[in-house]
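Novice: So here's protein.cif (mmCIF, C-alpha atoms and all ligand atoms).
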data_entry
loop_
_atom_site.label_atom_id
_atom_site.label_comp_id
_atom_site.auth_asym_id
_atom_site.auth_seq_id
_atom_site.Cartn_x
_atom_site.Cartn_y
_atom_site.Cartn_z
CA MET A 4 23.78 27.09 17.42
CA LYS A 5 21.08 26.80 20.06
CA ARG A 6 21.56 23.78 22.35
CA LYS A 7 18.76 21.24 22.05
CA THR A 8 16.63 20.64 25.15
CA GLN A 9 16.33 17.13 26.52
CA ALA A 10 12.74 16.88 25.19
CA GLU A 11 13.89 17.96 21.73
CA ARG A 12 16.67 15.36 21.76
CA ILE A 13 14.23 12.60 22.72
CA ARG A 14 11.75 13.68 20.05
CA ARG A 15 14.53 13.76 17.44
CA ARG A 16 15.71 10.27 18.48
CA GLU A 17 12.19 8.89 18.23
CA PHE A 18 11.79 10.51 14.84
CA ILE A 19 15.06 9.04 13.53
CA HIS A 20 13.96 5.64 14.84
CA ARG A 21 10.61 6.04 13.07
CA SER A 22 12.34 7.03 9.82
CA ALA A 23 14.62 4.01 10.08
CA THR A 24 11.62 1.70 10.64
CA PHE A 25 9.96 3.29 7.65
CA ALA A 26 13.06 2.74 5.48
CA ALA A 27 13.32 -0.85 6.64
CA GLY A 28 9.65 -1.39 5.76
CA THR A 29 10.43 -0.18 2.28
CA LEU A 30 13.36 -2.56 1.99
CA LEU A 31 11.35 -5.56 3.13
CA LEU A 32 9.04 -5.56 0.14
CA GLY A 33 8.60 -8.68 -1.93
CA SER A 34 10.64 -7.28 -4.79
CA GLY A 35 13.54 -6.56 -2.43
CA SER A 36 14.09 -3.19 -4.07
CA PRO A 37 14.81 -0.17 -1.86
CA GLU A 38 13.25 2.01 -4.55
CA LEU A 39 9.74 0.69 -4.00
CA PHE A 40 7.08 1.93 -1.60
CA GLY A 41 4.34 -0.49 -0.62
CA THR A 42 2.97 -2.97 1.79
CA ALA A 43 1.50 -6.39 2.29
CA ASN A 44 -1.70 -4.53 3.17
CA SER A 45 -2.25 -3.75 -0.49
CA LYS A 46 -2.12 -7.37 -1.64
CA ARG A 47 -5.73 -7.52 -2.78
CA PRO A 48 -7.17 -8.32 -6.20
CA GLY A 49 -6.26 -5.54 -8.57
CA ALA A 50 -4.14 -3.71 -6.00
CA ILE A 51 -0.60 -2.71 -6.81
CA THR A 52 1.87 -3.92 -4.20
CA SER A 53 4.54 -1.26 -4.43
CA ILE A 54 5.23 2.13 -5.94
CA GLU A 55 8.65 3.39 -6.91
CA THR A 56 10.18 6.13 -4.83
CA ILE A 57 12.41 9.08 -5.49
CA THR A 58 14.90 10.32 -2.89
CA LEU A 59 14.47 13.91 -1.78
CA ASN A 60 17.41 16.23 -1.13
CA ASN A 61 17.33 15.35 2.59
CA GLY A 62 17.48 11.60 1.92
CA ILE A 63 13.77 10.92 2.56
CA LYS A 64 12.03 8.64 0.07
CA MET A 65 8.79 9.79 -1.54
CA PRO A 66 6.49 7.71 -3.76
CA ILE A 67 6.61 8.94 -7.35
CA LEU A 68 2.85 8.52 -7.71
CA GLY A 69 0.29 9.55 -5.14
CA PHE A 70 -3.32 10.48 -4.54
CA GLY A 71 -4.76 14.03 -4.67
CA THR A 72 -7.74 14.96 -2.53
CA VAL A 73 -8.97 18.44 -3.42
CA TYR A 74 -12.81 18.47 -3.52
CA LEU A 75 -12.95 15.10 -1.75
CA ASN A 76 -14.67 16.29 1.40
CA ASP A 77 -16.77 14.81 4.18
CA ASP A 78 -17.86 11.17 3.73
CA LEU A 79 -16.68 11.17 0.12
CA GLY A 80 -13.17 12.07 1.29
CA VAL A 81 -13.14 9.31 3.90
CA ARG A 82 -14.31 6.71 1.39
CA CYS A 83 -11.94 7.81 -1.41
CA VAL A 84 -8.85 7.97 0.80
CA ALA A 85 -9.62 4.53 2.26
CA ASP A 86 -10.21 3.18 -1.27
CA ALA A 87 -7.02 4.76 -2.57
CA ILE A 88 -4.96 3.19 0.21
CA SER A 89 -6.67 -0.17 -0.31
CA VAL A 90 -5.65 -0.24 -3.99
CA GLY A 91 -2.05 0.72 -3.24
CA TYR A 92 -1.60 4.49 -2.96
CA ARG A 93 0.77 5.48 -0.19
CA LEU A 94 1.28 9.21 -0.85
CA ILE A 95 -1.80 11.23 0.15
CA ASP A 96 -1.90 14.96 -0.65
CA THR A 97 -4.14 17.35 1.26
CA ALA A 98 -4.08 20.99 2.39
CA THR A 99 -5.68 23.17 5.05
CA VAL A 100 -7.54 25.13 2.40
CA TYR A 101 -9.22 21.98 1.00
CA GLY A 102 -11.15 21.74 4.27
CA ASN A 103 -10.84 17.95 4.19
CA GLU A 104 -7.99 17.07 6.54
CA ALA A 105 -10.42 15.44 8.97
CA SER A 106 -11.86 13.35 6.11
CA VAL A 107 -8.38 12.39 4.94
CA GLY A 108 -7.53 11.40 8.50
CA GLY A 109 -10.78 9.41 8.67
CA GLY A 110 -9.87 7.59 5.46
CA ILE A 111 -6.40 6.77 6.78
CA LYS A 112 -7.92 5.41 9.98
CA LYS A 113 -10.55 3.43 8.08
CA SER A 114 -7.85 1.86 5.89
CA GLY A 115 -6.20 0.32 8.95
CA ILE A 116 -2.76 0.91 7.47
CA ASN A 117 0.31 1.48 9.66
CA ARG A 118 1.20 5.16 9.77
CA GLU A 119 4.83 4.44 8.80
CA GLU A 120 3.68 3.01 5.46
CA LEU A 121 2.14 6.30 4.36
CA PHE A 122 3.60 9.51 3.03
CA VAL A 123 1.20 12.31 4.03
CA THR A 124 1.48 15.86 2.70
CA SER A 125 -0.37 18.96 3.85
CA LYS A 126 0.09 22.67 3.17
CA VAL A 127 -0.04 25.89 5.11
CA TRP A 128 -2.49 28.36 3.57
CA VAL A 129 -1.78 32.06 2.92
CA ASP A 130 -4.04 33.23 5.79
CA ASP A 131 -1.86 31.27 8.22
CA SER A 132 1.45 32.70 6.99
CA GLY A 133 3.99 33.94 9.53
CA TYR A 134 5.94 32.20 12.29
CA GLU A 135 3.33 31.83 15.04
CA LYS A 136 0.35 31.33 12.74
CA ALA A 137 2.10 28.70 10.62
CA LYS A 138 3.12 26.74 13.73
CA LYS A 139 -0.45 26.84 14.99
CA ALA A 140 -1.83 25.86 11.56
CA PHE A 141 0.55 22.89 11.45
CA GLN A 142 -0.73 21.61 14.80
CA THR A 143 -4.34 22.12 13.68
CA SER A 144 -3.63 20.09 10.53
CA LEU A 145 -2.09 17.29 12.58
CA ASP A 146 -5.04 17.29 14.98
CA LYS A 147 -7.55 17.14 12.12
CA LEU A 148 -5.61 14.38 10.40
CA GLY A 149 -5.25 12.49 13.68
CA LEU A 150 -1.48 12.17 13.10
CA ASP A 151 1.55 13.11 15.15
CA TYR A 152 3.90 13.99 12.29
CA LEU A 153 3.73 14.86 8.58
CA ASP A 154 5.96 13.46 5.87
CA LEU A 155 5.86 16.67 3.85
CA TYR A 156 4.59 20.15 4.70
CA LEU A 157 4.42 22.82 1.99
CA ILE A 158 3.89 26.56 1.80
CA HIS A 159 0.81 26.52 -0.44
CA ARG A 160 1.39 29.81 -2.26
CA PRO A 161 4.19 32.40 -2.20
CA ARG A 162 2.09 35.04 -0.48
CA GLY A 163 2.05 36.67 2.96
CA ASP A 164 4.90 36.27 5.43
CA VAL A 165 6.72 33.46 3.63
CA GLN A 166 9.93 34.01 5.62
CA GLY A 167 8.10 33.61 8.94
CA SER A 168 6.32 30.46 7.72
CA TRP A 169 9.57 28.97 6.46
CA LYS A 170 11.30 29.59 9.79
CA ALA A 171 8.40 27.87 11.56
CA MET A 172 8.68 24.91 9.19
CA GLU A 173 12.45 24.71 9.67
CA ASP A 174 11.94 24.60 13.43
CA LEU A 175 9.24 21.92 13.15
CA TYR A 176 11.53 19.94 10.86
CA ASN A 177 14.43 20.22 13.31
CA GLU A 178 12.13 19.11 16.11
CA GLY A 179 11.34 15.99 14.09
CA ARG A 180 7.68 16.79 13.48
CA ILE A 181 7.94 16.93 9.66
CA ARG A 182 10.14 14.63 7.58
CA ALA A 183 10.55 17.08 4.67
CA ILE A 184 9.55 20.68 3.99
CA GLY A 185 8.84 22.37 0.69
CA VAL A 186 6.82 24.87 -1.29
CA SER A 187 4.07 25.03 -3.87
CA ASN A 188 3.40 27.40 -6.75
CA PHE A 189 6.84 29.00 -6.35
CA GLU A 190 8.50 30.49 -9.43
CA SER A 191 12.26 31.02 -9.74
CA ASN A 192 12.16 34.51 -8.21
CA HIS A 193 10.24 33.19 -5.18
CA LEU A 194 12.73 30.35 -4.78
CA ASP A 195 15.71 32.71 -5.05
CA GLU A 196 14.24 34.95 -2.37
CA LEU A 197 13.51 32.02 -0.06
CA MET A 198 16.99 30.63 -0.61
CA SER A 199 18.49 33.99 0.47
CA TYR A 200 17.40 33.38 4.08
CA ALA A 201 16.63 29.67 4.29
CA ASN A 202 18.75 27.37 6.44
CA ILE A 203 17.05 24.36 4.88
CA LYS A 204 16.50 24.11 1.14
CA PRO A 205 12.96 23.15 0.04
CA ALA A 206 12.75 19.45 -0.82
CA VAL A 207 9.76 19.80 -3.16
CA ASN A 208 7.99 22.39 -5.30
CA GLN A 209 4.42 21.33 -6.16
CA ILE A 210 3.33 23.18 -9.30
CA GLU A 211 0.70 22.88 -12.02
CA THR A 212 2.12 20.42 -14.54
CA HIS A 213 0.31 18.48 -17.25
CA ALA A 214 0.37 17.88 -20.99
CA PHE A 215 -0.95 21.37 -21.74
CA PHE A 216 1.31 23.21 -19.28
CA GLN A 217 4.50 21.20 -19.23
CA GLN A 218 6.69 23.59 -17.20
CA GLU A 219 9.83 22.73 -19.12
CA ASN A 220 11.77 25.74 -17.80
CA ALA A 221 10.71 25.08 -14.22
CA ASN A 222 11.68 21.43 -14.67
CA ILE A 223 15.21 22.40 -15.72
CA ALA A 224 15.52 25.05 -12.97
CA LEU A 225 14.25 22.74 -10.22
CA LYS A 226 16.76 20.08 -11.22
CA GLN A 227 19.50 22.70 -10.89
CA TYR A 228 18.20 23.72 -7.46
CA GLY A 229 18.03 20.06 -6.40
CA ILE A 230 14.32 20.44 -5.65
CA GLN A 231 11.87 17.69 -6.61
CA GLN A 232 9.04 18.76 -8.93
CA GLU A 233 5.58 17.51 -8.02
CA ALA A 234 2.72 17.92 -10.50
CA TRP A 235 -0.62 19.22 -9.31
CA SER A 236 -3.58 18.58 -11.62
CA PRO A 237 -1.43 16.06 -13.52
CA LEU A 238 -4.47 15.24 -15.66
CA ALA A 239 -5.38 18.93 -16.09
CA GLN A 240 -8.62 18.00 -14.28
CA GLY A 241 -9.73 16.83 -17.71
CA ARG A 242 -9.69 20.40 -19.03
CA ASN A 243 -8.93 21.24 -22.64
CA GLY A 244 -10.32 17.84 -23.65
CA HIS A 245 -7.55 15.92 -21.90
CA PHE A 246 -9.42 12.63 -21.66
CA THR A 247 -10.48 12.70 -25.33
CA ASN A 248 -7.31 14.22 -26.76
CA GLU A 249 -6.58 12.34 -29.99
CA THR A 250 -2.81 12.60 -29.77
CA LEU A 251 -2.73 11.01 -26.32
CA ALA A 252 -5.31 8.42 -27.45
CA ALA A 253 -3.22 7.43 -30.50
CA ILE A 254 -0.17 6.90 -28.29
CA GLY A 255 -2.24 4.97 -25.74
CA LYS A 256 -3.64 2.71 -28.41
CA LYS A 257 -0.17 1.29 -29.07
CA TYR A 258 0.15 0.18 -25.45
CA ASN A 259 -3.51 -0.51 -24.67
CA LYS A 260 -3.60 2.44 -22.24
CA ASN A 261 -5.99 5.36 -21.91
CA ASN A 262 -5.20 9.10 -21.94
CA ALA A 263 -4.88 9.34 -18.15
CA GLN A 264 -2.38 6.47 -18.12
CA VAL A 265 -0.35 7.95 -20.97
CA SER A 266 -0.16 11.29 -19.15
CA LEU A 267 0.80 9.71 -15.84
CA ARG A 268 3.45 7.58 -17.52
CA TRP A 269 4.80 10.74 -19.16
CA HIS A 270 5.10 12.46 -15.75
CA TYR A 271 6.84 9.37 -14.39
CA GLN A 272 9.34 9.25 -17.25
CA ARG A 273 10.12 12.95 -16.66
CA GLY A 274 10.91 12.08 -13.03
CA ILE A 275 8.00 14.17 -11.74
CA VAL A 276 5.86 13.08 -8.78
CA ALA A 277 2.17 13.10 -9.80
CA ILE A 278 -0.87 13.06 -7.51
CA PRO A 279 -3.99 12.33 -9.61
CA ARG A 280 -7.32 12.55 -7.81
CA SER A 281 -10.26 10.28 -8.42
CA SER A 282 -13.55 9.51 -6.72
CA GLN A 283 -13.82 6.19 -8.60
CA LYS A 284 -11.96 3.07 -7.59
CA ALA A 285 -11.69 1.96 -11.23
CA HIS A 286 -9.89 5.22 -12.10
CA MET A 287 -7.70 4.96 -9.00
CA LEU A 288 -6.56 1.55 -10.23
CA GLU A 289 -6.08 2.68 -13.83
CA ASN A 290 -3.92 5.54 -12.64
CA LEU A 291 -1.64 3.16 -10.76
CA ASN A 292 -1.40 0.83 -13.71
CA ILE A 293 1.35 2.69 -15.56
CA PHE A 294 4.45 0.70 -14.70
CA ASP A 295 4.14 -2.03 -17.33
CA PHE A 296 4.81 0.00 -20.47
CA GLU A 297 7.26 2.61 -21.68
CA LEU A 298 6.77 5.65 -23.88
CA ASP A 299 9.49 5.79 -26.51
CA GLU A 300 11.41 8.88 -27.55
CA SER A 301 9.02 9.70 -30.35
CA ASP A 302 5.99 9.42 -27.98
CA MET A 303 7.70 11.81 -25.54
CA HIS A 304 8.45 14.16 -28.40
CA THR A 305 4.83 14.03 -29.62
CA ILE A 306 3.48 14.75 -26.13
CA ALA A 307 5.90 17.69 -25.87
CA SER A 308 4.12 19.18 -28.88
CA LEU A 309 0.86 19.42 -26.88
CA ASP A 310 2.34 22.08 -24.60
CA LEU A 311 0.37 25.34 -24.64
CA ASN A 312 2.80 26.69 -22.03
CA ILE A 313 0.02 28.44 -20.17
CA THR A 314 -1.97 27.69 -17.03
CA GLN A 315 -5.30 25.94 -17.52
CA PHE A 316 -6.42 27.34 -14.14
CA PRO A 317 -6.37 31.13 -14.61
CA GLU A 318 -8.99 31.47 -11.86
CA TRP A 319 -6.44 30.24 -9.31
CA GLU A 320 -3.76 32.76 -10.27
N1 LIG A 401 -0.72 22.99 -4.71
C1 LIG A 401 -1.75 23.45 -5.37
O1 LIG A 401 -1.94 24.66 -5.52
C2 LIG A 401 -2.72 22.47 -5.96
C3 LIG A 401 -3.67 22.90 -6.89
C4 LIG A 401 -4.53 21.95 -7.43
C5 LIG A 401 -4.44 20.63 -7.06
N2 LIG A 401 -3.53 20.23 -6.12
C6 LIG A 401 -3.41 18.80 -5.72
O2 LIG A 401 -3.25 18.02 -6.91
C7 LIG A 401 -4.22 16.99 -6.91
C8 LIG A 401 -4.58 16.56 -8.32
O3 LIG A 401 -5.13 17.63 -9.06
P1 LIG A 401 -6.71 17.83 -9.36
O4 LIG A 401 -7.47 17.08 -8.37
O5 LIG A 401 -6.93 19.28 -9.48
O6 LIG A 401 -6.90 17.24 -10.82
P2 LIG A 401 -6.44 15.92 -11.64
O7 LIG A 401 -5.91 14.88 -10.73
O8 LIG A 401 -5.62 16.39 -12.77
O9 LIG A 401 -7.83 15.44 -12.25
C9 LIG A 401 -8.88 14.97 -11.46
C10 LIG A 401 -10.07 14.68 -12.38
O10 LIG A 401 -9.70 13.66 -13.30
C11 LIG A 401 -10.67 12.62 -13.29
N3 LIG A 401 -9.95 11.35 -13.47
C12 LIG A 401 -8.99 10.84 -12.68
N4 LIG A 401 -8.52 9.69 -13.19
C13 LIG A 401 -9.20 9.46 -14.33
C14 LIG A 401 -9.16 8.43 -15.29
N5 LIG A 401 -8.33 7.39 -15.17
N6 LIG A 401 -10.01 8.52 -16.36
C15 LIG A 401 -10.86 9.56 -16.49
N7 LIG A 401 -10.95 10.56 -15.59
C16 LIG A 401 -10.11 10.52 -14.52
C17 LIG A 401 -11.34 12.70 -11.95
O11 LIG A 401 -12.67 12.28 -12.07
P3 LIG A 401 -13.23 10.96 -11.31
O12 LIG A 401 -13.40 11.37 -9.87
O13 LIG A 401 -14.52 10.71 -11.99
O14 LIG A 401 -12.23 9.87 -11.50
C18 LIG A 401 -11.29 14.20 -11.64
O15 LIG A 401 -12.41 14.85 -12.20
C19 LIG A 401 -5.37 17.61 -6.14
O16 LIG A 401 -6.38 16.70 -5.80
C20 LIG A 401 -4.63 18.25 -5.01
O17 LIG A 401 -4.29 17.28 -4.03
C21 LIG A 401 -2.66 21.14 -5.59
#
Could you express the structure from this file as C-alpha cells?

Specialist:
Amino acid sequence: MKRKTQAERIRRREFIHRSATFAAGTLLLGSGSPELFGTANSKRPGAITSIETITLNNGIKMPILGFGTVYLNDDLGVRCVADAISVGYRLIDTATVYGNEASVGGGIKKSGINREELFVTSKVWVDDSGYEKAKKAFQTSLDKLGLDYLDLYLIHRPRGDVQGSWKAMEDLYNEGRIRAIGVSNFESNHLDELMSYANIKPAVNQIETHAFFQQENANIALKQYGIQQEAWSPLAQGRNGHFTNETLAAIGKKYNKNNAQVSLRWHYQRGIVAIPRSSQKAHMLENLNIFDFELDESDMHTIASLDLNITQFPEWE
C-alpha cells in the first residue's frame, strides 16, 4: 500500500478528530441517546430537537430523515435551507446538477449552525465522471457550498466512467475529505460491477422510493449488500394523487396525521432514509413530526398494496 505523506496523515488526524467531536455532539443531546442527531440550536417553538440516526457500513451516523433541495435555487434555496435547519433538519441533500450548491451553502451559513452538526450530501453528475473530472467536480461542489468536507458524496447515476469516479471518491475518502461515499440510481447489476473493482463498498444507494414504487427487491438486496437505502422523492413529488390518496388518508385519520406524514413514517419503519423537500415551513415541520405514532402491521400491509412497482418519473430514466 502507498505510504501516506505527512500532509495526508495530518489531514486524516484532523478528520478523525472532527468525526469524534461530531459523535460526541450527538451523544450530548438532552435525551442522552447516541442514536439521535440534533442540537440545542433547534430548540425553538415547533422545532424538533433531535432526529434518529442509522449507522452506515463505515460506522458513520446518518440522520434517518433529511431535507431534499432539488428545484430550490437562488434566494428560495437559501431561505428554505435556513428554514429547514431552524426547524431541526440536519441532513441536507444537494447535487451538482441541481445548480443550487451555492444556495444550499448560503442557507447553511445563514442558519448559523456549527458545521459538525450537519450531514451534507452532494453528488457527482454524469458529465463529470472519470478520475480527474470527478476530483475537480468535488472541489467545485465544496467551494460552492463553502465547506471543507462532505459527509456523503454520491455518484448520481451509473453512467460514464463510473470506475474512474469511484477511484477518485475512494482517494478523497482516504484523504479524509468525505466521511462516506455511495451511489444513486444503481441497480443490482451496477452494484455488482462496482463491487468487482471497489476497495471501499458504497455506504448508501439513493433511489426512487415511495408508496407507488416501493422497491421491495432493491430493499432486500441492499440489506444483503450492507448498503443503506435512501429514498429520493419519498412523497412521489405528490404525483399519482399522493397527497389525496384515500388509503393513506384513512390510515392517517387513525393517528391524526396527513398523507405525507404516513408515507414518511412508513419509510422510517422500513429503515429507509428519506429526504422530503418543501418550500413551506409548515410542511417542513409536518414532515419532521412523524416520531410520535406507529403504523401497525395491518397499516404496513395496506400501504404495501399501493405499490405499482414502476417509476413515477419516466422522464428521468
Ligand atoms: N438521486 C436522484 O436521482 C434524485 C432524484 C430526485 C430527487 N432527489 C432528492 O430527493 C429529494 C426529495 O425528492 P423531490 O424533491 O423530488 O420530491 P418529494 O420530496 O417527494 O416531494 C416534494 C413535493 O412535495 C410537497 N410537499 C412536501 N411536504 C408536503 C406536505 N407535508 N404536504 C403537502 N405537500 C408536501 C412539496 O411542496 P411544498 O414546497 O409546497 O411543500 C413538493 O412539491 C430532492 O429534493 C432531492 O434532494 C434525488

Novice: For a quick check of understanding, using all atoms listed in the file, which of A:Lys284, A:Lys138, A:Arg93, A:Lys170 has the smallest distance to Thr56 in chain A?

Specialist: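 The answer is A:Arg93, which sits nearest to Thr56 in chain A.
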
Novice: Name the residues, by chain letter and number, that sit within 8 Å of ligand LIG 401 (chain A) using all atoms listed in the file, and give them as JSON, numbers by chain.

Specialist: {"A": [70, 71, 72, 73, 74, 75, 95, 96, 97, 98, 126, 159, 160, 187, 188, 209, 210, 211, 213, 234, 235, 236, 237, 238, 239, 240, 241, 246, 261, 262, 263, 264, 277, 278, 279, 280, 281, 282, 283, 284, 285, 286, 287, 288, 289, 290]}

Novice: Pick out the closest residue to Phe294 in chain A from this set: A:Leu150, A:Leu155, A:Ile254, A:Leu267. Count only C-alpha atoms.

Specialist: A:Leu267

Novice: Got a sec: who's within 7 Å of Arg182 in chain A, counting only C-alpha atoms, leaving out chain neighbours fewer than 6 positions off, as JSON, numbers by chain?

Specialist: {"A": [153, 154, 155, 176]}

Novice: Show me, as a PyMOL selection string, the residues that have an atom within 12 Å of Phe141 in chain A when counting only C-alpha atoms, minus same-chain residues fewer than 6 positions from it.

Specialist: chain A and resi 98-99+104+124-128+131-135+147-148+150-153+155-158+168-169+171-172+174-176+180-181+184

Novice: Keeping only C-alpha atoms, write the selected residues to a file as a PDB file, in the coordinates of the input.

Specialist:
ATOM      1  CA  ALA A  98      -4.080  20.990   2.390  1.00  0.00           C
ATOM      2  CA  THR A  99      -5.680  23.170   5.050  1.00  0.00           C
ATOM      3  CA  GLU A 104      -7.990  17.070   6.540  1.00  0.00           C
ATOM      4  CA  THR A 124       1.480  15.860   2.700  1.00  0.00           C
ATOM      5  CA  SER A 125      -0.370  18.960   3.850  1.00  0.00           C
ATOM      6  CA  LYS A 126       0.090  22.670   3.170  1.00  0.00           C
ATOM      7  CA  VAL A 127      -0.040  25.890   5.110  1.00  0.00           C
ATOM      8  CA  TRP A 128      -2.490  28.360   3.570  1.00  0.00           C
ATOM      9  CA  ASP A 131      -1.860  31.270   8.220  1.00  0.00           C
ATOM     10  CA  SER A 132       1.450  32.700   6.990  1.00  0.00           C
ATOM     11  CA  GLY A 133       3.990  33.940   9.530  1.00  0.00           C
ATOM     12  CA  TYR A 134       5.940  32.200  12.290  1.00  0.00           C
ATOM     13  CA  GLU A 135       3.330  31.830  15.040  1.00  0.00           C
ATOM     14  CA  LYS A 147      -7.550  17.140  12.120  1.00  0.00           C
ATOM     15  CA  LEU A 148      -5.610  14.380  10.400  1.00  0.00           C
ATOM     16  CA  LEU A 150      -1.480  12.170  13.100  1.00  0.00           C
ATOM     17  CA  ASP A 151       1.550  13.110  15.150  1.00  0.00           C
ATOM     18  CA  TYR A 152       3.900  13.990  12.290  1.00  0.00           C
ATOM     19  CA  LEU A 153       3.730  14.860   8.580  1.00  0.00           C
ATOM     20  CA  LEU A 155       5.860  16.670   3.850  1.00  0.00           C
ATOM     21  CA  TYR A 156       4.590  20.150   4.700  1.00  0.00           C
ATOM     22  CA  LEU A 157       4.420  22.820   1.990  1.00  0.00           C
ATOM     23  CA  ILE A 158       3.890  26.560   1.800  1.00  0.00           C
ATOM     24  CA  SER A 168       6.320  30.460   7.720  1.00  0.00           C
ATOM     25  CA  TRP A 169       9.570  28.970   6.460  1.00  0.00           C
ATOM     26  CA  ALA A 171       8.400  27.870  11.560  1.00  0.00           C
ATOM     27  CA  MET A 172       8.680  24.910   9.190  1.00  0.00           C
ATOM     28  CA  ASP A 174      11.940  24.600  13.430  1.00  0.00           C
ATOM     29  CA  LEU A 175       9.240  21.920  13.150  1.00  0.00           C
ATOM     30  CA  TYR A 176      11.530  19.940  10.860  1.00  0.00           C
ATOM     31  CA  ARG A 180       7.680  16.790  13.480  1.00  0.00           C
ATOM     32  CA  ILE A 181       7.940  16.930   9.660  1.00  0.00           C
ATOM     33  CA  ILE A 184       9.550  20.680   3.990  1.00  0.00           C
TER      34      ILE A 184
END

Novice: Please determine, counting all atoms listed in the file, which residue among A:Ile223, A:Asn61, A:Leu311, A:Leu94 has the shortest atom-to-atom distance to Gly185 in chain A.

Specialist: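 The shortest atom-to-atom distance to Gly185 in chain A comes from A:Asn61.
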
Novice: Using only C-alpha atoms, can you tell me which of A:Thr305, A:Asn192, A:Thr250, A:Asn202 comes closest to Ala221 in chain A?

Specialist: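 Nearest to Ala221 in chain A: A:Asn192.
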
Novice: Show me, as a PyMOL selection string, the residues that have an atom within 10 Å of Gly115 in chain A when counting all atoms listed in the file, minus same-chain residues fewer than 3 positions from it.

Specialist: chain A and resi 44+85+88-89+110-112+118

Novice: Would you mind reading off the distance between CA of Gln232 in chain A and CA of Ala206 in chain A, one decimal, in Å?

Specialist: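 It comes out at 8.9 Å.
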
Novice: CA of Leu68 in chain A and CA of Ala252 in chain A, how far apart in Å?

Specialist: 21.4 Å

Novice: Taking all atoms listed in the file into account, which of A:Phe215, A:Gln227, A:Gln142, A:Asn76 comes nearest Tyr101 in chain A?

Specialist: A:Asn76

Novice: To one decimal place in Å, what is the distance between CA of Ile54 in chain A and CA of Asn222 in chain A?

Specialist: 22.1 Å

Novice: Pick out the closest residue to Gln217 in chain A from this set: A:Ala253, A:Ile63, A:Val186, A:Ile275. Count all atoms listed in the file.

Specialist: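 The shortest atom-to-atom distance to Gln217 in chain A comes from A:Ile275.
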
Novice: Determine, counting only C-alpha atoms, which protein, DNA and RNA residues have an atom within 9 Å of an atom of Pro205 in chain A; residues of the same chain fewer than 3 positions away are not included. Present the result as a list in words.

Specialist: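 Returned residues: Asn60, Leu157, Ala183, Ile184, Gly185, Val186, Leu194, Leu197, Met198, Ala201, Asn208, Gly229, Ile230 and Gln231 of chain A.
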
Novice: Where's the centre, and what are the edge lengths in Å to one decimal, of a box along x, y and z enclosing all listed atoms of range 121-128 of chain A padded 8 Å per side, as lines of an AutoDock Vina configuration file?

Specialist:
center_x = 0.6
center_y = 17.3
center_z = 3.9
size_x = 22.1
size_y = 38.1
size_z = 18.4
